[in-house]
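Visitor: Just one file: work.cif, with mmCIF, C-alpha atoms.
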data_structure
#
loop_
_atom_site.label_atom_id
_atom_site.label_comp_id
_atom_site.auth_asym_id
_atom_site.auth_seq_id
_atom_site.Cartn_x
_atom_site.Cartn_y
_atom_site.Cartn_z
CA MET A 214 152.88 191.70 -157.88
CA SER A 215 154.28 190.82 -154.45
CA ILE A 216 156.25 187.59 -154.11
CA PHE A 217 154.65 187.09 -150.68
CA ALA A 218 151.15 185.77 -150.10
CA PRO A 219 148.96 188.49 -148.55
CA LYS A 220 148.87 188.53 -144.72
CA GLN A 221 151.58 185.87 -144.51
CA PHE A 222 154.64 188.09 -144.07
CA PHE A 223 154.77 187.97 -140.27
CA ALA A 224 154.10 184.23 -140.36
CA LEU A 225 157.11 183.87 -142.65
CA ILE A 226 159.33 185.95 -140.34
CA SER A 227 158.18 183.93 -137.31
CA PHE A 228 158.79 180.71 -139.20
CA ILE A 229 162.33 181.82 -140.11
CA ILE A 230 163.03 182.81 -136.48
CA MET A 231 161.81 179.45 -135.16
CA VAL A 232 163.66 177.43 -137.77
CA GLY A 233 166.76 179.46 -136.90
CA LEU A 234 166.34 178.65 -133.19
CA VAL A 235 165.91 174.94 -133.94
CA LEU A 236 168.97 174.91 -136.21
CA TYR A 237 170.99 176.72 -133.53
CA LYS A 238 170.12 174.10 -130.90
CA VAL A 239 170.64 171.24 -133.35
CA GLN A 240 174.10 172.63 -134.14
CA GLN A 241 174.86 172.89 -130.41
CA ALA A 242 173.82 169.24 -129.99
CA ARG A 243 176.02 168.30 -132.95
CA ASN A 244 178.92 170.01 -131.16
CA GLY A 245 178.32 167.81 -128.11
CA LYS A 246 176.10 170.11 -126.04
CA VAL A 247 173.14 167.74 -125.90
CA PRO A 248 170.17 169.20 -123.98
CA THR A 249 168.59 167.32 -121.11
CA ILE A 250 164.90 166.64 -121.60
CA ARG A 251 162.71 166.38 -118.52
CA LYS A 252 161.35 162.98 -117.55
CA ILE A 253 158.19 161.91 -119.35
CA ALA A 254 156.28 159.52 -117.10
CA GLY A 255 154.55 157.70 -119.96
CA LEU A 256 157.85 156.89 -121.63
CA GLU A 257 159.40 155.63 -118.41
CA ALA A 258 156.37 153.39 -117.87
CA ILE A 259 157.02 151.39 -121.05
CA GLU A 260 159.57 149.18 -119.30
CA GLU A 261 157.10 148.61 -116.44
CA ALA A 262 154.37 147.69 -118.94
CA VAL A 263 156.61 145.27 -120.84
CA GLY A 264 157.87 143.73 -117.58
CA ARG A 265 154.31 143.18 -116.39
CA ALA A 266 153.30 141.61 -119.70
CA THR A 267 156.33 139.31 -119.57
CA GLU A 268 155.47 138.18 -116.04
CA MET A 269 151.89 137.48 -117.08
CA GLY A 270 152.99 135.68 -120.28
CA ARG A 271 150.64 137.85 -122.34
CA PRO A 272 151.37 140.11 -125.32
CA ILE A 273 151.73 143.87 -125.60
CA HIS A 274 149.60 145.70 -128.12
CA TYR A 275 151.13 148.75 -129.80
CA THR A 276 149.60 151.12 -132.32
CA PRO A 277 151.32 154.15 -133.89
CA GLY A 278 147.90 155.71 -134.42
CA THR A 279 145.54 155.88 -137.33
CA GLY A 280 147.03 158.90 -139.09
CA ASN A 281 149.05 158.81 -142.26
CA LEU A 282 152.73 159.78 -142.28
CA VAL A 283 152.27 162.83 -140.02
CA ALA A 284 154.51 164.05 -137.19
CA ALA A 285 152.56 162.20 -134.49
CA THR A 286 152.87 158.91 -136.40
CA PHE A 287 156.63 159.37 -136.66
CA ALA A 288 156.85 160.09 -132.92
CA GLY A 289 154.80 156.94 -132.28
CA LEU A 290 157.14 154.95 -134.53
CA GLU A 291 160.20 156.29 -132.67
CA VAL A 292 158.74 155.06 -129.39
CA LEU A 293 157.84 151.77 -131.11
CA GLY A 294 161.58 151.24 -131.59
CA LEU A 295 162.16 151.65 -127.85
CA ALA A 296 159.18 149.45 -126.93
CA ALA A 297 160.18 146.71 -129.41
CA ARG A 298 163.77 146.69 -128.10
CA THR A 299 162.46 146.33 -124.54
CA VAL A 300 160.09 143.55 -125.67
CA ALA A 301 162.95 141.73 -127.45
CA ARG A 302 165.20 142.08 -124.39
CA TYR A 303 162.53 140.68 -122.04
CA GLY A 304 161.53 137.93 -124.46
CA ALA A 305 157.93 139.13 -124.50
CA GLN A 306 155.54 139.29 -127.47
CA ILE A 307 154.45 142.44 -129.26
CA ILE A 308 151.49 142.91 -131.61
CA VAL A 309 151.63 146.09 -133.69
CA THR A 310 148.41 146.98 -135.48
CA ILE A 311 148.48 149.31 -138.48
CA ARG A 312 145.73 151.24 -140.24
CA ARG A 313 147.68 152.99 -143.01
CA PRO A 314 149.44 150.89 -145.65
CA LEU A 315 152.23 153.52 -145.87
CA VAL A 316 153.07 153.01 -142.20
CA LEU A 317 153.28 149.20 -142.48
CA PRO A 318 156.77 148.85 -144.05
CA ILE A 319 158.24 151.41 -141.61
CA ALA A 320 156.76 149.72 -138.53
CA ASP A 321 157.86 146.32 -139.84
CA GLU A 322 161.42 147.52 -140.37
CA ILE A 323 161.53 149.19 -136.94
CA VAL A 324 160.42 146.05 -135.09
CA ARG A 325 162.77 143.82 -137.12
CA ASN A 326 165.71 146.20 -136.48
CA SER A 327 164.89 146.27 -132.77
CA TYR A 328 165.16 142.49 -132.55
CA MET A 329 168.36 142.69 -134.60
CA ALA A 330 169.79 145.32 -132.22
CA GLU A 331 169.15 142.95 -129.31
CA GLY A 332 170.88 140.13 -131.24
CA ILE A 333 167.78 137.90 -131.49
CA VAL A 334 166.50 138.57 -134.99
CA GLU A 335 165.45 134.90 -135.20
CA SER A 336 162.82 135.61 -132.52
CA TYR A 337 161.19 138.23 -134.72
CA SER A 338 157.87 137.08 -136.08
CA PRO A 339 156.50 138.72 -139.26
CA ASP A 340 153.05 138.31 -137.67
CA SER A 341 154.01 140.88 -135.04
CA VAL A 342 153.16 143.77 -137.34
CA ARG A 343 149.63 143.43 -138.72
CA TYR A 344 147.83 145.58 -141.24
CA ILE A 345 144.18 145.61 -140.23
CA SER A 346 142.16 147.95 -142.47
CA SER A 347 142.28 151.44 -143.97
CA GLU A 348 138.65 151.88 -142.96
CA GLN A 349 138.66 153.74 -139.62
CA PHE A 350 136.03 151.76 -137.72
CA ALA A 351 136.86 148.45 -139.36
CA TYR A 352 140.38 149.01 -137.99
CA ALA A 353 138.93 149.80 -134.57
CA ALA A 354 136.69 146.71 -134.63
CA GLY A 355 139.60 144.50 -135.73
CA VAL A 356 141.95 145.84 -133.05
CA MET A 357 139.29 145.47 -130.33
CA GLY A 358 138.89 141.82 -131.36
CA ILE A 359 142.66 141.21 -131.33
CA MET A 360 143.05 142.88 -127.92
CA SER A 361 140.30 140.72 -126.50
CA ARG A 362 141.27 137.40 -128.10
CA GLU A 363 145.02 137.74 -127.47
CA LYS A 364 144.33 138.87 -123.87
CA ILE A 365 146.85 141.70 -123.98
CA ALA A 366 148.56 142.75 -120.75
CA ALA A 367 149.72 146.16 -121.96
CA ASN A 368 148.31 148.57 -124.49
CA ILE A 369 150.49 151.34 -125.90
CA MET A 370 148.81 153.85 -128.23
CA LEU A 371 151.05 156.67 -129.38
CA GLY A 372 150.32 158.63 -132.54
CA TYR A 373 147.46 160.42 -134.23
CA PHE A 374 144.00 159.20 -133.21
CA LEU A 375 140.46 160.09 -134.11
CA ALA A 376 137.12 158.79 -132.83
CA GLU A 377 138.48 155.26 -132.40
CA SER A 378 140.64 156.37 -129.43
CA LEU A 379 137.98 155.64 -126.80
CA MET A 380 136.97 152.33 -128.42
CA LEU A 381 140.55 151.07 -128.21
CA SER A 382 141.39 152.44 -124.77
CA GLU A 383 138.07 151.25 -123.31
CA THR A 384 138.78 147.73 -124.59
CA GLY A 385 142.28 147.88 -123.06
CA PHE A 386 140.74 149.04 -119.78
CA LYS A 387 138.24 146.17 -119.91
CA MET A 388 141.13 143.72 -120.42
CA GLY A 389 142.84 145.10 -117.31
CA ALA A 390 145.87 146.09 -119.40
CA ILE A 391 148.33 148.75 -118.30
CA GLN A 392 147.70 151.55 -120.77
CA ILE A 393 150.02 154.24 -122.10
CA ALA A 394 148.57 156.62 -124.66
CA GLY A 395 149.43 159.88 -126.32
CA THR A 396 148.23 161.99 -129.20
CA ASP A 397 148.54 165.51 -130.54
CA ASN A 398 144.82 165.56 -131.41
CA ARG A 399 143.49 167.55 -128.46
CA SER A 400 139.89 166.39 -128.91
CA GLN A 401 140.96 162.79 -128.19
CA VAL A 402 143.25 163.47 -125.21
CA PRO A 403 140.30 163.63 -122.73
CA PHE A 404 139.34 160.04 -123.58
CA PHE A 405 142.87 158.85 -122.96
CA VAL A 406 142.99 160.80 -119.68
CA ALA A 407 139.78 159.05 -118.61
CA THR A 408 140.82 155.50 -119.50
CA CYS A 409 144.63 155.20 -119.48
CA ASP A 410 147.26 154.92 -116.76
CA TYR A 411 149.75 157.24 -118.45
CA VAL A 412 148.96 159.93 -121.00
CA LEU A 413 151.33 161.91 -123.17
CA ILE A 414 149.59 165.18 -123.93
CA GLY A 415 150.23 166.85 -127.27
CA GLU A 416 153.85 167.80 -127.65
CA GLU A 417 154.97 165.38 -124.93
CA LEU A 418 154.52 162.77 -127.64
CA PHE A 419 157.13 164.44 -129.87
CA ALA A 420 159.52 164.90 -126.94
CA ALA A 421 159.04 161.21 -126.08
CA GLY A 422 159.81 160.32 -129.70
CA ALA A 423 163.05 162.31 -129.55
CA VAL A 424 164.06 160.78 -126.21
CA ALA A 425 163.20 157.26 -127.41
CA SER A 426 165.30 157.71 -130.55
CA GLY A 427 168.29 158.77 -128.42
CA ASN A 428 169.32 160.95 -131.36
CA PRO A 429 171.12 164.10 -130.07
CA LEU A 430 169.96 166.09 -133.11
CA LYS A 431 166.31 165.35 -132.35
CA LEU A 432 166.86 166.31 -128.71
CA GLY A 433 168.44 169.54 -129.97
CA SER A 434 165.37 170.11 -132.12
CA ILE A 435 163.11 169.79 -129.04
CA ALA A 436 165.29 172.33 -127.20
CA GLY A 437 165.09 174.64 -130.23
CA GLN A 438 161.30 174.39 -130.20
CA ASP A 439 161.40 175.33 -126.50
CA LEU A 440 163.10 178.58 -127.52
CA GLY A 441 160.29 179.03 -130.04
CA LYS A 442 157.84 178.83 -127.13
CA ILE A 443 159.71 181.61 -125.33
CA TYR A 444 159.37 183.66 -128.54
CA ALA A 445 155.60 182.98 -128.51
CA ILE A 446 155.33 184.02 -124.83
CA LEU A 447 157.27 187.24 -125.56
CA LEU A 448 154.93 188.07 -128.45
CA LEU A 449 151.93 187.36 -126.26
CA VAL A 450 153.10 189.55 -123.36
CA ILE A 451 154.39 192.44 -125.50
CA GLY A 452 151.26 192.39 -127.66
CA SER A 453 148.89 192.39 -124.68
CA VAL A 454 150.73 195.20 -122.90
CA THR A 455 151.02 197.41 -125.99
CA VAL A 456 147.37 196.92 -126.98
CA ASN A 457 146.31 198.03 -123.50
CA LEU A 458 148.61 201.07 -123.79
CA GLY A 459 146.81 201.99 -126.99
CA LEU A 460 149.74 201.03 -129.26
CA ASN A 461 148.78 198.76 -132.12
CA PHE A 462 152.09 198.39 -133.94
CA LEU A 463 152.43 194.68 -133.14
CA VAL A 464 148.84 193.95 -134.19
CA ASP A 465 149.47 195.82 -137.46
CA LEU A 466 152.75 194.00 -137.98
CA MET A 467 151.13 190.61 -137.33
CA SER A 468 148.37 191.44 -139.81
CA LYS A 469 150.88 191.91 -142.63
CA MET B 85 110.62 145.40 -142.01
CA GLY B 86 112.93 146.82 -144.63
CA SER B 87 115.03 145.47 -147.46
CA ILE B 88 117.89 142.96 -147.30
CA THR B 89 120.40 145.81 -146.96
CA THR B 90 118.50 147.14 -143.92
CA TRP B 91 118.61 143.66 -142.38
CA MET B 92 122.35 143.37 -143.04
CA ALA B 93 122.99 146.81 -141.52
CA ALA B 94 120.83 145.97 -138.49
CA ILE B 95 122.52 142.61 -137.87
CA GLY B 96 125.94 144.26 -138.28
CA THR B 97 124.98 147.02 -135.84
CA LEU B 98 123.75 144.53 -133.23
CA GLY B 99 126.83 142.34 -133.72
CA LEU B 100 129.27 145.19 -133.20
CA LEU B 101 127.26 146.62 -130.28
CA SER B 102 127.34 143.19 -128.61
CA PHE B 103 131.03 143.82 -127.78
CA ALA B 104 129.78 146.17 -125.05
CA TRP B 105 128.57 143.02 -123.26
CA LYS B 106 131.66 140.89 -123.99
CA ASP B 107 133.71 139.47 -126.85
CA ASN B 108 131.55 136.80 -128.52
CA LYS B 109 131.18 134.79 -131.73
CA PHE B 110 128.53 137.13 -133.14
CA TYR B 111 130.88 140.11 -132.70
CA SER B 112 133.78 138.13 -134.14
CA ILE B 113 131.82 137.25 -137.31
CA CYS B 114 130.65 140.87 -137.78
CA GLU B 115 134.17 142.16 -137.11
CA HIS B 116 135.70 139.87 -139.76
CA ILE B 117 133.01 140.80 -142.30
CA TYR B 118 133.59 144.50 -141.55
CA VAL B 119 137.38 144.23 -141.90
CA ALA B 120 137.00 142.19 -145.10
CA SER B 121 134.53 144.72 -146.53
CA GLY B 122 136.98 147.50 -145.64
CA ALA B 123 139.77 145.67 -147.49
CA ALA B 124 137.53 145.09 -150.53
CA HIS B 125 136.42 148.73 -150.54
CA ALA B 126 140.04 149.93 -150.32
CA LEU B 127 141.00 147.60 -153.17
CA VAL B 128 138.24 148.91 -155.44
CA LEU B 129 139.16 152.52 -154.59
CA GLY B 130 142.83 151.74 -155.22
CA VAL B 131 142.11 150.26 -158.65
CA LYS B 132 139.92 153.28 -159.52
CA ASN B 133 142.67 155.67 -158.41
CA ILE B 134 145.32 153.85 -160.45
CA LYS B 135 143.05 153.96 -163.47
CA ALA B 136 142.18 157.65 -163.07
CA ASN B 137 145.62 158.96 -162.07
CA ALA B 138 147.98 156.63 -163.93
CA ILE B 139 146.51 154.55 -166.74
CA ILE B 140 144.24 157.19 -168.33
CA PRO B 141 146.86 160.02 -168.20
CA LEU B 142 149.47 157.64 -169.66
CA ALA B 143 147.08 156.60 -172.44
CA GLU B 144 146.57 160.32 -173.17
CA GLY B 145 150.35 160.72 -173.54
CA LYS B 146 150.95 162.52 -170.21
CA LEU B 147 154.31 160.95 -169.47
CA LEU B 148 154.74 162.73 -166.12
CA ALA B 149 152.36 160.14 -164.69
CA ILE B 150 155.29 157.70 -164.83
CA ILE B 151 156.85 159.39 -161.76
CA PRO B 152 154.07 158.51 -159.27
CA ILE B 153 153.74 155.07 -160.90
CA VAL B 154 157.43 154.34 -160.32
CA LEU B 155 157.21 155.72 -156.76
CA GLY B 156 154.16 153.54 -156.14
CA LEU B 157 155.88 150.43 -157.50
CA MET B 158 158.86 151.10 -155.23
CA PHE B 159 156.62 150.32 -152.23
CA TYR B 160 156.53 146.72 -153.39
CA ALA B 161 160.31 146.44 -153.05
CA ARG B 162 159.72 145.23 -149.49
CA PHE B 163 158.64 141.90 -150.95
CA ILE B 164 162.02 141.45 -152.68
CA PRO B 165 164.56 140.14 -150.14
CA GLY B 166 167.34 142.66 -149.48
CA GLN B 167 165.68 145.45 -151.48
CA MET B 168 163.56 146.99 -148.73
CA ARG B 169 165.60 150.22 -148.85
CA TRP B 170 163.79 151.24 -152.06
CA THR B 171 160.57 151.75 -150.10
CA ARG B 172 162.21 154.71 -148.34
CA TYR B 173 162.13 156.94 -151.43
CA PRO B 174 158.34 157.02 -151.94
CA ILE B 175 157.90 157.42 -148.17
CA ALA B 176 160.32 160.38 -148.20
CA ALA B 177 158.45 161.91 -151.16
CA THR B 178 155.07 161.48 -149.42
CA VAL B 179 156.31 163.04 -146.17
CA GLY B 180 158.08 165.89 -147.98
CA ILE B 181 155.02 166.80 -150.06
CA GLY B 182 152.72 166.61 -147.03
CA PHE B 183 155.05 168.75 -144.93
CA GLY B 184 155.48 171.34 -147.67
CA GLN B 185 151.74 171.61 -148.20
CA SER B 186 150.94 172.06 -144.50
CA LEU B 187 153.76 174.50 -143.67
CA PRO B 188 152.20 177.85 -144.72
CA ARG B 189 148.95 177.00 -142.94
CA LEU B 190 150.78 175.94 -139.77
CA ALA B 191 152.74 179.17 -139.36
CA SER B 192 149.81 181.52 -139.96
CA THR B 193 146.81 179.62 -138.56
CA ASN B 194 148.38 177.76 -135.66
CA PHE B 195 150.82 180.43 -134.55
CA VAL B 196 150.28 184.05 -135.63
CA SER B 197 146.46 184.01 -135.66
CA GLN B 198 146.28 182.28 -132.29
CA ILE B 199 148.59 184.81 -130.62
CA ARG B 200 146.91 187.82 -132.23
CA ALA B 201 143.51 186.59 -131.00
CA THR B 202 144.67 186.91 -127.37
CA PHE B 203 145.45 190.65 -127.64
CA LYS B 204 142.39 191.94 -125.80
CA VAL B 205 141.61 194.83 -123.47
CA TRP B 206 142.42 193.58 -119.99
CA SER B 207 139.61 192.17 -117.91
CA PHE B 208 139.56 189.28 -115.44
CA ASN B 209 138.74 186.84 -118.24
CA SER B 210 141.35 188.08 -120.72
CA VAL B 211 144.11 188.14 -118.06
CA LEU B 212 143.14 184.62 -116.96
CA VAL B 213 143.32 183.48 -120.60
CA ILE B 214 146.79 185.03 -121.06
CA VAL B 215 148.14 183.60 -117.77
CA GLY B 216 146.57 180.23 -118.64
CA ILE B 217 148.16 180.17 -122.09
CA ILE B 218 151.60 181.08 -120.73
CA CYS B 219 151.37 178.39 -118.02
CA VAL B 220 150.24 175.76 -120.55
CA ILE B 221 153.13 176.69 -122.87
CA LEU B 222 155.51 176.38 -119.90
CA PHE B 223 154.10 172.90 -119.17
CA PHE B 224 155.46 171.91 -122.57
CA TYR B 225 158.92 173.36 -121.91
CA PHE B 226 161.07 170.23 -121.90
CA SER B 227 164.71 171.30 -121.89
CA ALA B 228 164.91 173.36 -118.68
CA SER B 229 167.90 172.89 -116.39
CA LYS B 230 167.29 171.50 -112.89
CA ARG B 231 167.07 175.06 -111.54
CA GLY B 232 164.73 175.98 -114.37
CA GLN B 233 162.56 172.96 -113.64
CA ARG B 234 162.14 174.12 -110.03
CA PHE B 235 161.09 177.54 -111.33
CA LEU B 236 158.65 175.99 -113.82
CA GLN B 237 157.13 173.62 -111.26
CA TYR B 238 154.21 175.85 -110.20
CA PRO B 239 153.34 177.50 -113.55
CA SER B 240 153.35 174.13 -115.29
CA ARG B 241 151.16 172.62 -112.55
CA PHE B 242 148.69 175.48 -113.08
CA GLY B 243 148.97 174.88 -116.83
CA ARG B 244 148.07 171.22 -116.28
CA ILE B 245 144.98 172.25 -114.25
CA ILE B 246 143.91 174.62 -117.03
CA MET B 247 144.34 171.83 -119.61
CA MET B 248 142.32 169.37 -117.53
CA MET B 249 139.49 171.90 -117.34
CA ALA B 250 139.61 172.28 -121.12
CA PHE B 251 139.71 168.48 -121.54
CA GLY B 252 136.67 168.16 -119.28
CA ALA B 253 134.73 170.56 -121.50
CA LEU B 254 135.93 168.75 -124.64
CA PHE B 255 135.00 165.39 -123.12
CA GLY B 256 131.46 166.56 -122.40
CA ASN B 257 131.12 168.07 -125.84
CA THR B 258 132.32 164.92 -127.60
CA VAL B 259 130.14 162.64 -125.44
CA MET B 260 127.14 164.69 -126.56
CA GLY B 261 128.20 164.13 -130.18
CA ARG B 262 128.61 160.38 -129.58
CA LEU B 263 125.20 160.20 -127.92
CA SER B 264 123.62 161.71 -131.01
CA LEU B 265 125.37 159.02 -133.09
CA MET B 266 124.01 156.36 -130.73
CA ILE B 267 120.52 157.85 -131.03
CA GLY B 268 120.93 157.73 -134.81
CA ARG B 269 121.75 154.01 -134.65
CA LEU B 270 118.89 153.23 -132.26
CA SER B 271 116.51 155.20 -134.42
CA PHE B 272 117.68 153.15 -137.41
CA LEU B 273 117.05 149.91 -135.50
CA PHE B 274 113.63 150.86 -134.11
CA ARG B 275 112.30 152.89 -137.04
CA ASP B 276 113.91 151.67 -140.27
CA TRP B 277 114.43 148.03 -139.29
CA LEU B 278 111.71 147.08 -136.78
CA GLY B 279 109.26 149.85 -137.68
CA ILE B 280 108.26 150.20 -134.00
CA VAL B 281 108.51 153.98 -133.91
CA GLY B 282 107.25 156.29 -136.60
#
Output the file's structure as structure tokens, nothing else.

Guide:
Amino acid sequence: MSIFAPKQFFALISFIIMVGLVLYKVQQARNGKVPTIRKIAGLEAIEEAVGRATEMGRPIHYTPGTGNLVAATFAGLEVLGLAARTVARYGAQIIVTIRRPLVLPIADEIVRNSYMAEGIVESYSPDSVRYISSEQFAYAAGVMGIMSREKIAANIMLGYFLAESLMLSETGFKMGAIQIAGTDNRSQVPFFVATCDYVLIGEELFAAGAVASGNPLKLGSIAGQDLGKIYAILLLVIGSVTVNLGLNFLVDLMSK
Amino acid sequence: MGSITTWMAAIGTLGLLSFAWKDNKFYSICEHIYVASGAAHALVLGVKNIKANAIIPLAEGKLLAIIPIVLGLMFYARFIPGQMRWTRYPIAATVGIGFGQSLPRLASTNFVSQIRATFKVWSFNSVLVIVGIICVILFFYFSASKRGQRFLQYPSRFGRIIMMMAFGALFGNTVMGRLSLMIGRLSFLFRDWLGIVG
């Protein structure tokens, strides 16, 4: 009996190669060679959004998505730290709405720590982070009501979203709020593109999370994943050329 | 005209749809009832889960059930001042298990299978697909040097155009799906509730 699952061998090799590339770049970052990540417009717009909300004297709504503890939620939570620090610095008000109970303590701690980092922990209100409902559309209905009643000036939605994406972003649009959104769920990106001012598409969300955290190791991880993309492009080009030359060794290898 | 549950569903539907006009008291009442029902539903499910996965196994002498019970209880440490750090352990366990479960699927389905599917005999379409994929991948290349960014400028712009075309198709597809949901709701209102249409 083989110790490998059938037809998973090449996936395992690719996985090892990509993990190796990420570890290499993380190690480089640890040694002080921190990679530069290109500007992400949506991330840069957070300060503009908070500034506008402060001038208008209205709150900022933030949601780290409706997914459980998945990668997109963590990226959204990283950016929440940056947004909450900016809010604390400007003396604005933030409302964070949560769908998943597991995400609540993390978001709460992040916002509290952000106020602490700015030296104004006494300004932190426990009401800032609100659990709404685990039920998808009850959450959406609750958030739409909050956005409307609190008259939000900025709406930041970064994380994993499902069908509620358009309901939330349409409400933000109706309120005239400056909207920044991002998700790795490609079926929801079109709705954000249609209704929001800034959109982080797919992996831009993870890069934004790494940049917002300011953690050199996470930036190294993003650079390592970039090398993984070069590996994917090489496979794609070599595979296409060899198949058209009548050589199927790469197809056979990838089928193992 | 239907039963009391049909009336409740119809009033709830109208209340939530009224938000399309503007935020109003009717919507607000329906919203609060919906959120409260969601909370009640989650509570009942939670109790059932605890009973099925913790209490019954423990009563049957399966002591391993203590581990998830302890991890679950650790979540409540956030209500004890100064003890919030204990909530990190169940979170770490949840993330670790989720990541471990998804890993094999990610490498084979999202990477190897996708690349292998693009190995086609060259034609205009297949070459366009390959060039499009490469340009989209390059759009997501974040750590290029300044010189590299200048080089990537045009491929990534083309990649963005390709993505917008795909998003347009996805948008249309999803709108069709949403319209069928809307038709379902209207058909409920006119057929099941009012009985106007057969």

Visitor: For the structure provided, state which residues fall under the PyMOL selection byres ((chain B) within 7 of (chain A)), and present them as a count of residues only.

Guide: 28

Visitor: Determine the residue membership of the PyMOL selection byres ((chain A and resi 235-241) around 6) for the file above and supply it as a VMD selection string.

Guide: chain A and resid 232 to 234 242 to 244 246 430 433 to 434 437 to 438

Visitor: Evaluate the PyMOL selection byres ((chain B and resi 148-165) around 12) here and jot the selected residues down as a PDB file with C-alpha atoms, in the frame of the given file.

Guide:
ATOM      1  CA  PRO A 314     149.440 150.890-145.650  1.00  0.00           C
ATOM      2  CA  LEU A 315     152.230 153.520-145.870  1.00  0.00           C
ATOM      3  CA  VAL A 316     153.070 153.010-142.200  1.00  0.00           C
ATOM      4  CA  LEU A 317     153.280 149.200-142.480  1.00  0.00           C
ATOM      5  CA  PRO A 318     156.770 148.850-144.050  1.00  0.00           C
ATOM      6  CA  ILE A 319     158.240 151.410-141.610  1.00  0.00           C
ATOM      7  CA  ASP A 321     157.860 146.320-139.840  1.00  0.00           C
ATOM      8  CA  GLU A 322     161.420 147.520-140.370  1.00  0.00           C
TER       9      GLU A 322
ATOM     10  CA  GLY B 130     142.830 151.740-155.220  1.00  0.00           C
ATOM     11  CA  ASN B 133     142.670 155.670-158.410  1.00  0.00           C
ATOM     12  CA  ILE B 134     145.320 153.850-160.450  1.00  0.00           C
ATOM     13  CA  LYS B 135     143.050 153.960-163.470  1.00  0.00           C
ATOM     14  CA  ALA B 136     142.180 157.650-163.070  1.00  0.00           C
ATOM     15  CA  ASN B 137     145.620 158.960-162.070  1.00  0.00           C
ATOM     16  CA  ALA B 138     147.980 156.630-163.930  1.00  0.00           C
ATOM     17  CA  ILE B 139     146.510 154.550-166.740  1.00  0.00           C
ATOM     18  CA  ILE B 140     144.240 157.190-168.330  1.00  0.00           C
ATOM     19  CA  PRO B 141     146.860 160.020-168.200  1.00  0.00           C
ATOM     20  CA  LEU B 142     149.470 157.640-169.660  1.00  0.00           C
ATOM     21  CA  ALA B 143     147.080 156.600-172.440  1.00  0.00           C
ATOM     22  CA  GLU B 144     146.570 160.320-173.170  1.00  0.00           C
ATOM     23  CA  GLY B 145     150.350 160.720-173.540  1.00  0.00           C
ATOM     24  CA  LYS B 146     150.950 162.520-170.210  1.00  0.00           C
ATOM     25  CA  LEU B 147     154.310 160.950-169.470  1.00  0.00           C
ATOM     26  CA  GLY B 166     167.340 142.660-149.480  1.00  0.00           C
ATOM     27  CA  GLN B 167     165.680 145.450-151.480  1.00  0.00           C
ATOM     28  CA  MET B 168     163.560 146.990-148.730  1.00  0.00           C
ATOM     29  CA  ARG B 169     165.600 150.220-148.850  1.00  0.00           C
ATOM     30  CA  TRP B 170     163.790 151.240-152.060  1.00  0.00           C
ATOM     31  CA  THR B 171     160.570 151.750-150.100  1.00  0.00           C
ATOM     32  CA  ARG B 172     162.210 154.710-148.340  1.00  0.00           C
ATOM     33  CA  TYR B 173     162.130 156.940-151.430  1.00  0.00           C
ATOM     34  CA  PRO B 174     158.340 157.020-151.940  1.00  0.00           C
ATOM     35  CA  ILE B 175     157.900 157.420-148.170  1.00  0.00           C
ATOM     36  CA  ALA B 176     160.320 160.380-148.200  1.00  0.00           C
ATOM     37  CA  ALA B 177     158.450 161.910-151.160  1.00  0.00           C
ATOM     38  CA  THR B 178     155.070 161.480-149.420  1.00  0.00           C
TER      39      THR B 178
END

Visitor: Quick one: residues within 7 Å of Val324 (chain A), all atoms listed in the file counted, chain neighbours fewer than 3 positions away excluded, as a ChimeraX atom specification?

Guide: /A:294,297,320-321,327-328

Visitor: Give me the residues within 7 Å of Pro277 (chain A) as a list in words, counting only C-alpha atoms and dropping any in the same chain fewer than 4 places off.

Guide: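 Non-adjacent residues within range: Thr286, Gly289, Leu290, Met370, Leu371 and Gly372 of chain A.
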
Visitor: Would you pick out the contacts of region 90-103 of chain B at 7 Å or less, using all atoms listed in the file, so that residues sharing its chain but fewer than 4 positions from it are not included, and give the list as a list in words?

Guide: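 Here the answer would be Gly86, Asp107, Phe110, Tyr111, Cys114, Glu115, Leu273 and Trp277 of chain B.
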
Visitor: Measuring between only C-alpha atoms, which one of A:Leu381, A:Ile323, A:Met360, A:Ala262 shows the shortest distance to Glu291 (chain A)?

Guide: A:Ile323

Visitor: Using all atoms listed in the file, which residue out of A:Phe405, A:Tyr411, A:Phe374, A:Phe386 lies closest to Ala285 (chain A)?

Guide: A:Phe374

Visitor: Just to confirm, what's the straight-line distance from CA of Asp340 (chain A) to CA of Ala425 (chain A) in Å (one decimal)?

Guide: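 Taking CA of Asp340 (chain A) and CA of Ala425 (chain A), their separation equals 23.8 Å.
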
Visitor: Residues at most 10 Å from region 271-275 of chain A, counting all atoms listed in the file, excluding those fewer than 4 positions away in the same chain, as a PyMOL selection string?

Guide: chain A and resi 262-263+265-267+289-290+292-293+296-297+300+305-311+341-342+356+359-360+363-371+385+390-394

Visitor: Figure out the distance between CA of Thr279 (chain A) and CA of Thr299 (chain A), please, to one decimal in Å.

Guide: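 Separating CA of Thr299 (chain A) from CA of Thr279 (chain A) is a distance of 23.3 Å.
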
Visitor: Kindly give the distance, in Å, that separates CA of Gly332 (chain A) and CA of Gly422 (chain A), rounded to a single decimal.

Guide: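 Value for the CA of Gly332 (chain A)-CA of Gly422 (chain A) distance: 23.1 Å.
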